[in-house]
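Single-structure report; data block below.
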Amino acid sequence: GAITVVRLSGLYHSIGQPGSAQIALYLLPAMRAPSMRSLALTLIALLCQLQHAAAVDGEQADRCRTLRSVKAVDELFGGRVGVRVLALVPDEGKAAAAFRAVAASFKYPAEFYLVDGPDLVGRAVDQAERLRLYAAAEAKAHGNAVLLLKPYDELVDVTTFTTSKKGRKKLSRWVEDTMLPLVVPYLPDYVDMIFGGPLKMHAILAVDPADPPAPPVRDAFYHAAQRHRGKVMHIVMFKAPDCVEI
């Protein structure tokens, strides 16, 4: 009995350490007293919960980074490719935790950042205004603002989010919809986006490079992409020179 208690005490203090779950399962058969076995099972359950939480926290930390310098903020606005999502909220608190949860569960390629501190938030907002008029006004109008940067279309999009489960889900869907180009060319670099992305309904405009569509046709297709953003992916398919039909 005394040895078992000592082992349990050591197990309790080792929770979260590598191999502690295996140690707990190894000791369990040797604990004959029902009360001791019950205590061991409780500790094992607690251990599993803590290890799972630690794993989730690690994934979130890897997917979402905090910007702490003006240089780091400027680099994100400096002509980089890819989609960058910036939450203008403090590094600690419910808003940061909710944003990290969105980043950790997001299925598509995007970079997530927290912009911590009023000076850096002001810098990010000024940079957003440089790329798109009125972006700063949108970001300043509400709390928990999010900037989405992309090297095409609007360049900067702005939204806000709440920390509830519904709010996190809404933000994730907004990032999915907004990160996609309005019009996607049917090229090898975009095949994964077309067939593996969130939009399963496609509208296709077949284009002969030697005889491009008239401006009214091009504009109508682009405006349709704007109206149906987040619902239908609009794709331009280029006719190859040696193809009779697409």
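Chain labels A, B, ... are given in the sequence in which chains occur in the structure tokens; within each chain residues are numbered consecutively from 1, and ligands are likewise numbered from 1 in the order shown.
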List every residue of region 97-233 of chain A that DSSP, applied to the backbone of this structure, places in strand (DSSP E or B), and write the result as an MDAnalysis selection string. chainID A and resid 111:115 145:149 156:160 183:185 202:208 211 233
Writer output for current selection, C-alpha atoms, as a PDB file, in the first residue's frame:
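Just written: out-v5.pdb:
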ATOM      1  CA  GLU A 111      -0.759  32.517 -42.588  1.00  0.00           C
ATOM      2  CA  PHE A 112      -2.316  33.773 -39.341  1.00  0.00           C
ATOM      3  CA  TYR A 113      -0.923  36.557 -37.165  1.00  0.00           C
ATOM      4  CA  LEU A 114      -1.852  38.506 -34.042  1.00  0.00           C
ATOM      5  CA  VAL A 115      -0.916  42.190 -34.067  1.00  0.00           C
ATOM      6  CA  ALA A 145     -10.929  43.645 -36.520  1.00  0.00           C
ATOM      7  CA  VAL A 146      -9.278  41.255 -38.974  1.00  0.00           C
ATOM      8  CA  LEU A 147      -7.304  42.169 -42.100  1.00  0.00           C
ATOM      9  CA  LEU A 148      -6.911  39.655 -44.915  1.00  0.00           C
ATOM     10  CA  LEU A 149      -4.023  40.424 -47.277  1.00  0.00           C
ATOM     11  CA  VAL A 156      -7.043  43.987 -48.457  1.00  0.00           C
ATOM     12  CA  ASP A 157     -10.346  42.836 -46.951  1.00  0.00           C
ATOM     13  CA  VAL A 158     -11.635  43.758 -43.507  1.00  0.00           C
ATOM     14  CA  THR A 159     -14.059  42.078 -41.127  1.00  0.00           C
ATOM     15  CA  THR A 160     -14.701  41.633 -37.416  1.00  0.00           C
ATOM     16  CA  VAL A 183     -11.635  34.655 -61.277  1.00  0.00           C
ATOM     17  CA  VAL A 184      -9.330  31.634 -61.324  1.00  0.00           C
ATOM     18  CA  PRO A 185      -7.348  30.617 -64.420  1.00  0.00           C
ATOM     19  CA  HIS A 202     -17.975  26.173 -61.011  1.00  0.00           C
ATOM     20  CA  ALA A 203     -18.778  28.650 -63.783  1.00  0.00           C
ATOM     21  CA  ILE A 204     -16.390  28.409 -66.745  1.00  0.00           C
ATOM     22  CA  LEU A 205     -15.585  30.978 -69.417  1.00  0.00           C
ATOM     23  CA  ALA A 206     -13.771  29.407 -72.373  1.00  0.00           C
ATOM     24  CA  VAL A 207     -11.280  31.827 -73.883  1.00  0.00           C
ATOM     25  CA  ASP A 208      -9.273  31.675 -77.090  1.00  0.00           C
ATOM     26  CA  ASP A 211      -9.414  36.007 -79.957  1.00  0.00           C
ATOM     27  CA  MET A 233     -15.984  29.591 -58.404  1.00  0.00           C
TER      28      MET A 233
END
Restricting the calculation to only C-alpha atoms, which member of A:Arg65, A:Ala98, A:Val121, A:Val236 is positioned closest to Phe221 (chain A)?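 That would be A:Val236, the residue with the smallest distance to Phe221 (chain A).
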note - CA of Pro209 (chain A) and CA of Tyr222 (chain A) are separated by 17.5 Å
Among region 103-243 of chain A, which residues carry a DSSP assignment of helix (DSSP H, G or I), reported as a PyMOL selection string? chain A and resi 103-105+118-131+135-141+165-179+188-196+215-227
Figure out the distance between CA of Tyr152 (chain A) and CA of Arg227 (chain A), please, to one decimal in Å.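 CA of Tyr152 (chain A) lies at a distance of 17.4 Å from CA of Arg227 (chain A).
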Pairwise distance for CA of Asp91 (chain A) and CA of Asp116 (chain A), rounded to one decimal in Å: 5.5 Å
Would you pick out the contacts of Ala110 (chain A) at 8 Å or less, using only C-alpha atoms, so that residues sharing its chain but fewer than 3 positions from it are not included, and give the list as a list of chain:residue names?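 Once the adjacent positions are removed, what remains is A:Gly82, A:Val83, A:Arg84, A:Val85.
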